[in-house]
Structure formats: C-alpha cells, structure tokens
file structure_2.txt (compact mmCIF, C-alpha atoms)
# COMPACT_ATOMS: atom_id res chain seq x y z
CA MET A 1 -47.28 29.56 -0.77
CA THR A 2 -49.09 31.54 1.90
CA SER A 3 -50.04 28.33 3.68
CA ILE A 4 -46.47 27.06 3.63
CA ILE A 5 -44.99 30.32 4.88
CA SER A 6 -47.61 30.65 7.60
CA THR A 7 -46.86 27.10 8.78
CA LEU A 8 -43.15 27.87 8.98
CA VAL A 9 -43.75 31.14 10.84
CA GLU A 10 -46.11 29.40 13.25
CA ALA A 11 -43.56 26.66 13.89
CA TRP A 12 -40.83 29.22 14.55
CA GLN A 13 -43.04 31.13 17.01
CA GLU A 14 -43.79 27.93 18.93
CA LEU A 15 -40.07 27.20 19.09
CA ARG A 16 -39.43 30.62 20.57
CA ILE A 17 -42.08 29.98 23.24
CA ASN A 18 -40.75 26.50 24.13
CA LYS A 19 -37.09 27.24 23.52
CA VAL A 20 -35.96 26.30 27.03
CA ARG A 21 -37.50 22.82 26.75
CA ILE A 22 -35.99 21.93 23.40
CA LEU A 23 -32.62 23.69 23.69
CA LEU A 24 -30.74 20.73 25.12
CA ALA A 25 -32.33 18.30 22.63
CA LEU A 26 -31.35 20.60 19.76
CA LEU A 27 -27.83 20.88 21.14
CA GLY A 28 -27.55 17.10 20.96
CA VAL A 29 -28.86 17.11 17.38
CA ALA A 30 -26.42 19.88 16.38
CA LEU A 31 -23.43 18.04 17.86
CA SER A 32 -24.55 14.79 16.23
CA VAL A 33 -24.86 16.48 12.84
CA ALA A 34 -21.45 18.11 13.33
CA ALA A 35 -19.95 14.70 14.14
CA LEU A 36 -21.59 13.04 11.13
CA THR A 37 -20.60 15.84 8.74
CA SER A 38 -17.06 16.02 10.13
CA VAL A 39 -16.60 12.29 9.65
CA VAL A 40 -17.59 12.52 6.00
CA GLY A 41 -15.54 15.70 5.45
CA LEU A 42 -12.42 14.39 7.20
CA GLY A 43 -12.79 11.06 5.41
CA SER A 44 -12.84 12.88 2.08
CA LEU A 45 -9.77 14.91 3.10
CA VAL A 46 -7.87 11.83 4.27
CA ARG A 47 -8.81 10.03 1.06
CA GLU A 48 -7.44 12.94 -1.00
CA GLY A 49 -4.21 12.88 1.02
CA ILE A 50 -3.80 9.13 0.61
CA LYS A 51 -4.71 9.44 -3.07
CA ALA A 52 -2.09 12.14 -3.64
CA GLN A 53 0.61 10.12 -1.86
CA SER A 54 -0.39 6.92 -3.62
CA GLU A 55 -0.40 8.62 -7.02
CA ARG A 56 3.11 9.92 -6.38
CA ASP A 57 4.24 6.35 -5.75
CA GLY A 58 2.19 4.30 -8.22
CA GLY A 59 0.69 6.83 -10.64
CA ARG A 60 -2.66 8.43 -11.27
CA VAL A 61 -5.87 6.49 -11.80
CA ALA A 62 -5.45 4.53 -14.01
CA THR A 63 -1.76 3.89 -14.69
CA LEU A 64 -0.60 0.84 -16.66
CA THR A 65 2.92 -0.51 -16.65
CA LEU A 66 4.08 -2.58 -19.64
CA SER A 67 6.56 -5.42 -19.39
CA VAL A 68 8.02 -7.95 -21.82
CA ASN A 69 10.01 -10.81 -20.26
CA GLY A 70 11.39 -13.97 -21.77
CA PRO A 71 14.39 -16.22 -22.32
CA SER A 72 16.46 -13.20 -23.39
CA THR A 73 16.29 -9.43 -23.22
CA PRO A 74 14.00 -8.15 -26.01
CA ASP A 75 15.52 -5.91 -28.66
CA ALA A 76 15.45 -2.35 -27.29
CA GLU A 77 14.69 -0.71 -30.63
CA LYS A 78 11.86 -3.13 -31.40
CA LEU A 79 10.47 -2.65 -27.89
CA GLU A 80 10.52 1.13 -28.26
CA LYS A 81 8.68 0.92 -31.58
CA ALA A 82 6.10 -1.34 -29.96
CA TYR A 83 5.51 1.22 -27.19
CA GLU A 84 5.13 4.05 -29.70
CA GLY A 85 2.73 1.98 -31.83
CA ILE A 86 0.55 1.18 -28.81
CA GLN A 87 0.27 4.86 -27.92
CA GLN A 88 -0.74 5.77 -31.47
CA ARG A 89 -3.24 2.94 -31.91
CA TYR A 90 -5.03 3.50 -28.61
CA GLY A 91 -4.82 7.30 -28.51
CA ILE A 92 -2.75 7.50 -25.33
CA THR A 93 -1.10 10.90 -24.88
CA THR A 94 0.69 10.63 -21.52
CA SER A 95 3.47 8.11 -20.98
CA THR A 96 6.93 7.83 -19.52
CA HIS A 97 9.98 5.63 -19.25
CA VAL A 98 11.15 5.09 -15.68
CA GLY A 99 14.73 4.01 -15.05
CA ARG A 100 16.84 4.08 -11.90
CA THR A 101 20.56 4.35 -11.39
CA GLN A 102 23.18 6.26 -9.42
CA ALA A 103 25.49 9.05 -10.50
CA GLY A 104 28.16 11.10 -8.76
CA PHE A 105 27.66 14.88 -8.43
CA GLN A 106 30.27 17.40 -7.39
CA PHE A 107 29.11 19.31 -4.31
CA PRO A 108 31.07 21.89 -2.27
CA ARG A 109 32.03 19.15 0.20
CA GLY A 110 33.01 16.63 -2.47
CA VAL A 111 31.51 14.09 -4.85
CA THR A 112 28.34 12.40 -3.57
CA ALA A 113 26.42 9.48 -5.05
CA VAL A 114 22.89 10.57 -6.03
CA ASN A 115 19.88 8.31 -6.68
CA MET A 116 18.81 9.16 -10.22
CA THR A 117 15.37 8.56 -11.73
CA ILE A 118 15.47 8.66 -15.54
CA VAL A 119 12.09 9.78 -16.86
CA ASP A 120 10.16 11.45 -19.66
CA ILE A 121 8.14 14.66 -19.34
CA GLY A 122 4.93 12.69 -18.72
CA TYR A 123 6.29 11.33 -15.43
CA GLY A 124 5.45 14.59 -13.67
CA ILE A 125 1.80 14.31 -14.73
CA ILE A 126 1.41 10.61 -14.04
CA HIS A 127 3.00 10.79 -10.59
CA ARG A 128 1.71 14.24 -9.56
CA VAL A 129 5.23 15.35 -8.72
CA PRO A 130 5.02 18.28 -6.24
CA LEU A 131 7.46 21.16 -6.57
CA THR A 132 8.61 23.45 -3.79
CA GLN A 133 10.59 25.64 -6.19
CA GLY A 134 11.13 25.98 -9.92
CA THR A 135 9.39 23.96 -12.62
CA TRP A 136 9.11 20.45 -14.00
CA PHE A 137 10.66 19.49 -17.34
CA ALA A 138 9.35 21.11 -20.53
CA ALA A 139 9.60 19.95 -24.15
CA ASP A 140 12.56 22.23 -24.93
CA ASP A 141 14.59 20.80 -22.03
CA GLU A 142 15.40 17.80 -24.22
CA GLN A 143 17.37 20.13 -26.54
CA ARG A 144 19.62 21.56 -23.81
CA LEU A 145 23.38 21.07 -24.21
CA ALA A 146 23.62 21.18 -20.41
CA PRO A 147 21.05 18.62 -19.15
CA ALA A 148 18.30 19.85 -16.85
CA VAL A 149 17.70 18.12 -13.50
CA VAL A 150 14.91 18.36 -10.95
CA VAL A 151 16.41 17.67 -7.54
CA SER A 152 15.25 16.76 -4.05
CA GLU A 153 15.55 19.03 -1.02
CA ALA A 154 18.49 16.95 0.25
CA PHE A 155 20.29 17.46 -3.08
CA TYR A 156 19.41 21.17 -3.06
CA ASN A 157 20.76 21.59 0.47
CA GLN A 158 24.08 19.90 -0.38
CA ALA A 159 24.38 22.14 -3.47
CA GLY A 160 24.18 25.18 -1.20
CA ARG A 161 20.55 26.16 -2.00
CA PRO A 162 21.40 28.36 -5.00
CA ASN A 163 18.90 30.77 -6.55
CA LEU A 164 17.10 28.90 -9.34
CA ALA A 165 16.58 32.13 -11.26
CA THR A 166 20.32 32.16 -11.99
CA ASN A 167 20.23 28.68 -13.63
CA PRO A 168 22.61 27.13 -11.09
CA ARG A 169 24.92 24.45 -12.42
CA VAL A 170 26.34 21.33 -10.84
CA SER A 171 29.09 19.11 -12.24
CA ILE A 172 28.75 15.41 -13.04
CA PRO A 173 32.27 13.90 -13.04
CA GLY A 174 32.99 10.48 -14.53
CA ASP A 175 33.79 8.85 -17.86
CA GLN A 176 31.56 11.38 -19.64
CA PRO A 177 31.80 14.55 -17.53
CA ALA A 178 28.88 16.96 -17.88
CA THR A 179 27.36 20.02 -16.28
CA ALA A 180 23.70 19.91 -15.26
CA VAL A 181 21.33 22.82 -14.62
CA ILE A 182 18.93 22.70 -11.65
CA ILE A 183 15.46 23.79 -12.77
CA GLY A 184 13.24 22.54 -9.93
CA VAL A 185 13.14 21.18 -6.38
CA VAL A 186 10.81 18.49 -5.01
CA PRO A 187 10.24 17.72 -1.31
CA ASP A 188 11.99 14.77 0.31
CA THR A 189 9.94 11.62 0.72
CA TYR A 190 10.91 11.31 4.40
CA PRO A 191 13.44 12.94 6.76
CA ASP A 192 17.12 12.18 6.18
CA THR A 193 16.43 11.03 2.62
CA PRO A 194 19.69 10.77 0.62
CA PRO A 195 20.10 13.16 -2.33
CA ALA A 196 18.00 12.30 -5.37
CA ALA A 197 17.30 13.82 -8.76
CA PHE A 198 15.25 13.38 -11.96
CA ILE A 199 16.74 13.61 -15.43
CA LEU A 200 15.21 13.16 -18.89
CA THR A 201 15.86 9.96 -20.84
CA LYS A 202 17.76 11.66 -23.70
CA ALA A 203 19.84 13.75 -21.31
CA ALA A 204 20.76 10.62 -19.33
CA ALA A 205 21.98 8.96 -22.52
CA MET A 206 24.13 12.03 -23.29
CA THR A 207 25.82 11.84 -19.89
CA GLY A 208 26.36 8.07 -20.05
CA MET A 209 23.85 7.14 -17.36
CA LYS A 210 22.59 3.59 -17.86
CA PRO A 211 19.58 2.57 -15.78
CA ASP A 212 19.76 -0.66 -13.81
CA MET A 213 16.09 -1.34 -14.59
CA THR A 214 13.54 0.31 -16.86
CA GLU A 215 9.77 0.23 -17.10
CA PHE A 216 7.24 1.96 -19.33
CA LYS A 217 4.05 3.53 -17.98
CA LEU A 218 0.85 4.79 -19.61
CA TRP A 219 -1.87 6.95 -18.12
CA VAL A 220 -5.30 5.88 -19.38
CA GLY A 221 -8.89 6.69 -18.36
CA GLU A 222 -10.31 4.70 -15.45
CA GLU A 223 -13.45 3.82 -17.43
CA GLN A 224 -11.45 2.08 -20.16
CA ALA A 225 -8.62 0.74 -18.00
CA ASN A 226 -9.82 -2.88 -17.96
CA ALA A 227 -10.48 -2.99 -21.70
CA LEU A 228 -7.12 -1.38 -22.53
CA THR A 229 -5.25 -3.67 -20.15
CA ALA A 230 -6.51 -6.73 -22.00
CA ALA A 231 -6.08 -5.18 -25.46
CA ILE A 232 -2.51 -3.94 -24.85
CA THR A 233 -1.48 -7.25 -23.31
CA ALA A 234 -2.72 -9.11 -26.39
CA ASP A 235 -1.06 -6.53 -28.65
CA LEU A 236 2.33 -6.89 -26.97
CA GLN A 237 2.05 -10.67 -26.85
CA GLY A 238 1.43 -10.74 -30.60
CA GLN A 239 4.50 -8.61 -31.29
CA PHE A 240 6.78 -10.67 -29.04
CA PRO A 241 5.89 -14.35 -29.51
CA GLY A 242 7.69 -16.61 -27.08
CA TYR A 243 7.87 -13.85 -24.48
CA TYR A 244 5.60 -13.10 -21.54
CA ALA A 245 4.06 -9.69 -22.28
CA GLN A 246 1.74 -7.94 -19.85
CA ALA A 247 0.00 -4.62 -19.19
CA GLN A 248 -0.86 -4.24 -15.52
CA ARG A 249 -2.49 -1.54 -13.40
CA VAL A 250 -0.23 -0.22 -10.65
CA ASP A 251 -2.27 2.70 -9.25
CA PHE A 252 -3.82 2.43 -5.78
CA ALA A 253 -7.41 2.37 -7.05
CA ALA A 254 -6.81 -1.03 -8.66
CA TRP A 255 -7.21 -2.58 -5.19
CA GLY A 256 -10.28 -0.61 -4.07
CA ASP A 257 -10.80 2.19 -1.55
CA PRO A 258 -8.62 1.60 1.55
CA LEU A 259 -10.66 4.04 3.68
CA GLY A 260 -14.14 2.89 2.74
CA PRO A 261 -14.77 0.36 5.58
CA ALA A 262 -13.29 2.61 8.28
CA GLN A 263 -15.37 5.58 7.18
CA TRP A 264 -18.53 3.48 7.16
CA ILE A 265 -17.84 2.34 10.74
CA VAL A 266 -17.19 5.85 12.05
CA GLY A 267 -20.18 7.16 10.09
CA GLY A 268 -22.34 4.46 11.69
CA VAL A 269 -21.26 5.57 15.17
CA ALA A 270 -22.08 9.20 14.28
CA GLY A 271 -25.46 8.05 12.94
CA LEU A 272 -26.16 6.27 16.24
CA VAL A 273 -25.38 9.48 18.13
CA LEU A 274 -27.76 11.30 15.79
CA LEU A 275 -30.46 8.72 16.55
CA LEU A 276 -30.03 9.31 20.29
CA GLY A 277 -30.47 13.03 19.64
CA ALA A 278 -33.68 12.22 17.75
CA VAL A 279 -35.00 10.25 20.75
CA GLY A 280 -34.37 13.24 23.01
CA MET A 281 -36.14 15.50 20.54
CA LEU A 282 -39.09 13.08 20.43
CA ASN A 283 -39.45 13.11 24.21
CA ILE A 284 -39.42 16.90 24.35
CA SER A 285 -41.99 17.11 21.54
CA MET A 286 -44.33 14.66 23.29
CA VAL A 287 -44.18 16.67 26.52
CA THR A 288 -44.77 19.91 24.63
CA VAL A 289 -47.87 18.50 22.89
CA ARG A 290 -49.38 17.42 26.22
CA TYR A 291 -49.04 20.97 27.49
CA ARG A 292 -50.72 22.33 24.34
CA VAL A 293 -53.96 20.31 24.45
CA ARG A 294 -56.06 23.41 25.23
CA GLU A 295 -54.44 25.38 22.40
CA ILE A 296 -54.92 22.58 19.88
CA GLY A 297 -58.54 22.04 20.95
CA ILE A 298 -59.32 25.73 20.51
CA ARG A 299 -57.76 25.66 17.02
CA ARG A 300 -59.92 22.70 16.10
CA SER A 301 -63.02 24.56 17.35
CA PHE A 302 -62.17 27.43 14.98
CA GLY A 303 -61.99 25.07 11.99
CA ALA A 304 -58.36 23.95 11.86
CA THR A 305 -58.19 20.70 9.87
CA SER A 306 -56.39 17.56 10.99
CA GLY A 307 -53.88 18.03 8.21
CA ARG A 308 -53.09 21.59 9.34
CA ILE A 309 -52.61 20.45 12.94
CA PHE A 310 -50.43 17.53 11.85
CA VAL A 311 -48.19 19.63 9.59
CA GLY A 312 -47.97 22.45 12.12
CA VAL A 313 -46.79 20.22 14.97
CA MET A 314 -44.41 18.21 12.81
CA MET A 315 -42.93 21.34 11.24
CA GLU A 316 -41.95 22.57 14.69
CA SER A 317 -39.54 19.65 14.98
CA VAL A 318 -38.42 19.96 11.37
CA VAL A 319 -37.66 23.68 11.66
CA ALA A 320 -35.88 23.17 14.98
CA THR A 321 -33.66 20.35 13.74
CA ALA A 322 -33.03 22.20 10.46
CA VAL A 323 -31.62 25.15 12.42
CA ALA A 324 -29.63 22.76 14.61
CA GLY A 325 -28.42 20.93 11.50
CA LEU A 326 -27.29 24.18 9.88
CA ALA A 327 -25.35 25.06 13.03
CA GLY A 328 -23.82 21.57 13.11
CA VAL A 329 -22.76 21.78 9.46
CA MET A 330 -21.14 25.18 10.06
CA LEU A 331 -19.28 23.75 13.06
CA ALA A 332 -18.10 20.80 10.96
CA VAL A 333 -16.85 23.10 8.19
CA ALA A 334 -14.95 25.19 10.75
CA VAL A 335 -13.30 22.05 12.14
CA VAL A 336 -12.45 20.31 8.85
CA LYS A 337 -11.17 23.47 7.12
CA ASN A 338 -8.99 24.48 10.06
CA PRO A 339 -5.43 24.80 8.65
CA TRP A 340 -3.92 22.88 11.55
CA ILE A 341 -6.41 20.01 11.11
CA GLU A 342 -5.80 19.91 7.34
CA SER A 343 -2.02 19.78 7.76
CA LYS A 344 -2.27 16.91 10.26
CA VAL A 345 -4.94 14.87 8.47
CA ALA A 346 -3.54 15.19 4.93
CA PRO A 347 0.16 16.15 5.20
CA GLY A 348 0.81 14.95 1.65
CA LEU A 349 -1.33 17.66 0.05
CA THR A 350 0.04 21.01 -1.05
CA GLU A 351 -3.40 22.35 -2.07
CA PHE A 352 -6.39 21.30 0.01
CA PRO A 353 -9.76 20.61 -1.64
CA ALA A 354 -12.91 22.55 -0.78
CA PHE A 355 -15.25 21.16 1.85
CA PRO A 356 -17.28 18.42 0.12
CA ILE A 357 -20.78 19.65 -0.63
CA GLU A 358 -22.12 16.10 -0.28
CA ALA A 359 -21.00 16.05 3.37
CA ALA A 360 -22.86 19.30 4.09
CA LEU A 361 -25.99 18.07 2.31
CA LEU A 362 -25.80 14.74 4.15
CA GLY A 363 -25.58 16.45 7.55
CA PHE A 364 -28.38 18.92 6.84
CA GLY A 365 -30.58 16.24 5.28
CA ALA A 366 -30.04 13.94 8.26
CA ALA A 367 -31.08 16.74 10.62
CA VAL A 368 -34.28 17.42 8.66
CA LEU A 369 -35.06 13.70 8.54
CA VAL A 370 -34.56 13.40 12.29
CA GLY A 371 -36.92 16.33 12.79
CA ALA A 372 -39.55 14.73 10.58
CA LEU A 373 -39.32 11.40 12.40
CA ALA A 374 -39.26 13.00 15.86
CA GLY A 375 -42.25 15.21 14.98
CA ALA A 376 -44.44 12.59 13.31
CA ILE A 377 -45.52 10.79 16.50
CA PRO A 378 -46.36 13.96 18.49
CA ALA A 379 -48.21 15.24 15.40
CA LEU A 380 -50.34 12.09 15.34
CA VAL A 381 -51.13 12.61 19.02
CA ALA A 382 -52.07 16.23 18.35
CA VAL A 383 -54.43 15.24 15.52
CA ARG A 384 -56.44 13.06 17.93
CA VAL A 385 -57.12 15.97 20.31
CA LYS A 386 -60.86 16.80 20.39
CA VAL A 387 -62.60 20.11 21.06
CA ILE A 388 -64.04 18.79 24.33
CA ASP A 389 -60.49 18.28 25.61
CA ALA A 390 -60.00 22.04 25.62
CA ILE A 391 -62.84 22.35 28.16
CA ARG A 392 -61.39 19.64 30.40
CA PHE A 393 -58.00 21.35 30.45

call {"tool": "encode", "arguments": {"input": "structure_2.txt", "output": "structure tokens"}}
result
Amino acid sequence: MTSIISTLVEAWQELRINKVRILLALLGVALSVAALTSVVGLGSLVREGIKAQSERDGGRVATLTLSVNGPSTPDAEKLEKAYEGIQQRYGITTSTHVGRTQAGFQFPRGVTAVNMTIVDIGYGIIHRVPLTQGTWFAADDEQRLAPAVVVSEAFYNQAGRPNLATNPRVSIPGDQPATAVIIGVVPDTYPDTPPAAFILTKAAAMTGMKPDMTEFKLWVGEEQANALTAAITADLQGQFPGYYAQAQRVDFAAWGDPLGPAQWIVGGVAGLVLLLGAVGMLNISMVTVRYRVREIGIRRSFGATSGRIFVGVMMESVVATAVAGLAGVMLAVAVVKNPWIESKVAPGLTEFPAFPIEAALLGFGAAVLVGALAGAIPALVAVRVKVIDAIRF
C-alpha cells in the first residue's frame, strides 16, 4: 500500500511541476470524455423519452394484442370467457379492452362530439397514461352510478376547467342520457387536439356507448413474450376452429432499438476525438521524459528498479487523465441534467431518470485507459535510460 500511495503522490508532484506542458493535452482529454459521456447520457435520455411515448401508443414491453377473425363475428360471450381463461392459465394480471367511439357531451357552448376510448383499469398501466391532474380509474369506479371519465386537456378546457376536488359533472345527452364525473386530466397528444376522454367498459355499456372496434391487450414479461405469444395463439386457435386467431406483440421493442445505430455512430465520433486527445497526451509525455533523463538516471543510480521507473512514468499520465476524465464526467452530468436540455431532448417525460451510472463509468474508464496507453510508450523509453546518461546530460 505504501508503494502504491508513494507512486501516486510522486506522479501528482510531477504533474504539478510540468502542469503548463500538459494542460492543453488534458483539456482535450477532458472535452473528449465530456463528449463521449454526454453522448451516452443523452442517448439514454432520448431512449427513455421515445420509450415513454412509444409505450403510451403501443403499450409497455411486452404488450400482446389478441384477435380472432373469421367468416363471421365470434360470439362475444365465448370470446370474453376465452380471454379470462387465458389470463388465469398463464398467470397474467394486467389486461384491458380497448374500444373507440364518439359521444356527445354538453359543454357551456353546446354539445360537442368527443373521441371516446373505452378501456379497463389496466389500460393506464399498460400505456403509462400520464396525468396532469386528478387520478386514473380505481376498482370502485366501476360501481359508480354516475360514470367516471378521465379527460384530455382540450375536453377540460371546453368544460371550463372546473376544480376536480368538487367532483365536477358533465352531461351526456342522447338516447340514454347520463351524467359523468371528471376524475382526471391527461395532456393532449399534440396542439389543437379535439376533445377526448376515457371511460370504463362497464360504464360505457351503461350509457349506451358501443365501440366501433375493440381489441384485447395483455401485458406480459419481456423474457417470456415469445413463448407466450406462441402458446396463446395456439390456445385461441384451438378454442375457435375455423377462425384465424393470433396473439401479436405491438410494443416498440418488438422491432428493436431505434436509437442503437445512431448512438453507436455518434459514440464512435466521440471516441475518435478521445483518441486525438490521447495522441496529444503521448507527445507531451515523450517530450517530458526527454527533459527528465538526468533525473531518471540519478534515480537508477540510487537503486530504483526498472519496474518502479516504468510504473512511475506511466502513472503520471494515468493520474493526469483520470483527473481530466473526472472533470469531463462532471461537465457531462451538468449538461445532460440541465432542465432545459432534458425538456428539449425528452419532452414526453414527466419524470426524468437519473444520470446513467454506466455513462459516467464509461467516460472515466476511457480516460484512464487513454492515460495508460499514452504513458506506456514514454515509460518504456524511461526504462531504457542508463546511469551514464545522467552524466552526459
């Protein structure tokens, strides 16, 4: 331990003596590490943003959608029993029906057609539905006499932005008039989105809403997604002979990582910049060793071994680039975690993830590796210095 600490102290003292010579080289290494770390960190942030948006559209990893098609519409009751049996047999706990239709709602300025999505409670989990106010559906919402609805910002604005704590109500005129209670608000998908709302399947049936199309979704583990897809398809096909039954993944991860190639390209460019910084560090180290021939020769005359000389010279570069790498990682963290950067890079996220530890370790490790490579050649030159060279210099 004493030998290791003394080597580090010696390396740090040499850096302080030659700080002017290596400052610019270390600046290049620090900026290169910051670029490399920022690329990985921003790539992770962008991936999380795309993942969140994709999961809102297609469902979490891994989401299966079940379909049974044939010469005629399958019996609804038999189909529902088949769905329930599949959930029980395969231990699936999160599922939802998804139906779409339109319904008229009475607003202060008149009746407006609203795009309705008829769902079960599990829809909020599967699709990571974000809420700006209120809550998502709960189990007891199915027992309400006045159906609960979760509305979009456009719907909420047309309703006059009432206080959700007062259980605001909105009328649904039509053949089966009803009064709905607003319990939550979700953000609009894009500007000028028409009013939209979610309602539970049982509540939709009570108000006479009939979906134009319906699908059934299951959320399963990614590790068993392929096996369950095949098993559920065979299960459904056996229950509906003569029909085309299928379980199919619809989440974004089914088609691979969309950001992988781009991040590899940008990371390669950052790695090339880091390599150029290493070349600059190598040149400075070689010049420094040539100026230290007398010092190294005197050390050899006092019994310093070749190994001690080699490690001492190489550790100078390692310590220097480690400090530069630490500074570069800190700069990258400051950039990636800047609130303005986060809001622009991943606008779909409401809660931003912590800075990825693997990005910080990659940047710091790359800096140490560059220092080791840039210090190895000068260290080999230093080892070959003889005692007689000290006299000549």

call {"tool": "residues_near_point", "arguments": {"input": "structure_2.txt", "point": "(25.2, 12.8, -15.9)", "cutoff": "12 Å", "atoms": "only C-alpha atoms", "output": "JSON, numbers by chain"}}
result
{"A": [101, 102, 103, 104, 105, 106, 113, 114, 115, 116, 117, 118, 145, 146, 147, 148, 149, 170, 171, 172, 173, 174, 175, 176, 177, 178, 179, 180, 181, 197, 198, 199, 200, 201, 202, 203, 204, 205, 206, 207, 208, 209, 210, 211]}

call {"tool": "residues_around", "arguments": {"input": "structure_2.txt", "residues": "Ala82 (chain A)", "least_positions_apart": "4", "cutoff": "8 Å", "atoms": "only C-alpha atoms", "output": "compact mmCIF listing (two decimals) with C-alpha atoms, keeping the file's coordinate frame"}}
result
# COMPACT_ATOMS: atom_id res chain seq x y z
CA LYS A 78 11.86 -3.13 -31.40
CA ILE A 86 0.55 1.18 -28.81
CA LEU A 236 2.33 -6.89 -26.97
CA GLN A 239 4.50 -8.61 -31.29

call {"tool": "axis_aligned_box", "arguments": {"input": "structure_2.txt", "around": "region 149-168 of chain A", "padding_each_side": "8 Å", "output": "JSON"}}
result
{"center_x": 19.6, "center_y": 24.5, "center_z": -6.6, "size_x": 25.5, "size_y": 31.4, "size_z": 30.1}

call {"tool": "closest_residue", "arguments": {"input": "structure_2.txt", "among": "A:Pro162, A:Gly41, A:Gly134, A:Gly242", "to": "Val185 (chain A)", "atoms": "all atoms listed in the file"}}
result
A:Gly134

call {"tool": "atom_distance", "arguments": {"input": "structure_2.txt", "atom1": "CA of Val220 (chain A)", "atom2": "CA of Trp136 (chain A)"}}
result
21.2 Å

call {"tool": "closest_residue", "arguments": {"input": "structure_2.txt", "among": "A:Pro356, A:Gly238, A:Pro378, A:Gly371", "to": "Arg47 (chain A)", "atoms": "all atoms listed in the file"}}
result
A:Pro356

call {"tool": "atom_distance", "arguments": {"input": "structure_2.txt", "atom1": "CA of Phe216 (chain A)", "atom2": "CA of Gln133 (chain A)"}}
result
27.3 Å

call {"tool": "closest_residue", "arguments": {"input": "structure_2.txt", "among": "A:Ser152, A:Thr65, A:Ser38, A:Gln53", "to": "Ala245 (chain A)", "atoms": "all atoms listed in the file"}}
result
A:Thr65

call {"tool": "closest_residue", "arguments": {"input": "structure_2.txt", "among": "A:Trp264, A:Tyr83, A:Ser54, A:Ile183", "to": "Ala165 (chain A)", "atoms": "all atoms listed in the file"}}
result
A:Ile183

call {"tool": "atom_distance", "arguments": {"input": "structure_2.txt", "atom1": "CA of Arg249 (chain A)", "atom2": "CA of Gly70 (chain A)"}}
result
20.4 Å

call {"tool": "residues_around", "arguments": {"input": "structure_2.txt", "residues": "region 320-323 of chain A", "least_positions_apart": "2", "cutoff": "8 Å", "atoms": "only C-alpha atoms", "output": "mmCIF file with C-alpha atoms, in the coordinates of the input"}}
result
data_model
loop_
_atom_site.group_PDB
_atom_site.id
_atom_site.type_symbol
_atom_site.label_atom_id
_atom_site.label_comp_id
_atom_site.auth_asym_id
_atom_site.auth_seq_id
_atom_site.Cartn_x
_atom_site.Cartn_y
_atom_site.Cartn_z
ATOM 1 C CA TRP A 12 -40.830 29.220 14.550
ATOM 2 C CA LEU A 15 -40.070 27.200 19.090
ATOM 3 C CA LEU A 26 -31.350 20.600 19.760
ATOM 4 C CA VAL A 29 -28.860 17.110 17.380
ATOM 5 C CA ALA A 30 -26.420 19.880 16.380
ATOM 6 C CA GLU A 316 -41.950 22.570 14.690
ATOM 7 C CA SER A 317 -39.540 19.650 14.980
ATOM 8 C CA VAL A 318 -38.420 19.960 11.370
ATOM 9 C CA GLY A 325 -28.420 20.930 11.500
ATOM 10 C CA LEU A 326 -27.290 24.180 9.880
ATOM 11 C CA ALA A 327 -25.350 25.060 13.030
ATOM 12 C CA PHE A 364 -28.380 18.920 6.840
ATOM 13 C CA ALA A 367 -31.080 16.740 10.620
ATOM 14 C CA VAL A 368 -34.280 17.420 8.660
ATOM 15 C CA VAL A 370 -34.560 13.400 12.290
ATOM 16 C CA GLY A 371 -36.920 16.330 12.790
#

call {"tool": "closest_residue", "arguments": {"input": "structure_2.txt", "among": "A:Val381, A:Val186, A:Thr193, A:Asn69", "to": "Leu131 (chain A)", "atoms": "all atoms listed in the file"}}
result
A:Val186

call {"tool": "closest_residue", "arguments": {"input": "structure_2.txt", "among": "A:Ile232, A:Val98, A:Val151, A:Met213", "to": "Gly184 (chain A)", "atoms": "only C-alpha atoms"}}
result
A:Val151

call {"tool": "residues_around", "arguments": {"input": "structure_2.txt", "residues": "Tyr123 (chain A)", "least_positions_apart": "4", "cutoff": "10 Å", "atoms": "all atoms listed in the file", "output": "list of chain:residue names"}}
result
A:Arg56, A:Gly59, A:Thr94, A:Ser95, A:Thr96, A:His97, A:Val98, A:Ile118, A:Val119, A:His127, A:Arg128, A:Val129, A:Trp136, A:Phe137, A:Phe198, A:Leu200, A:Lys217, A:Leu218, A:Trp219
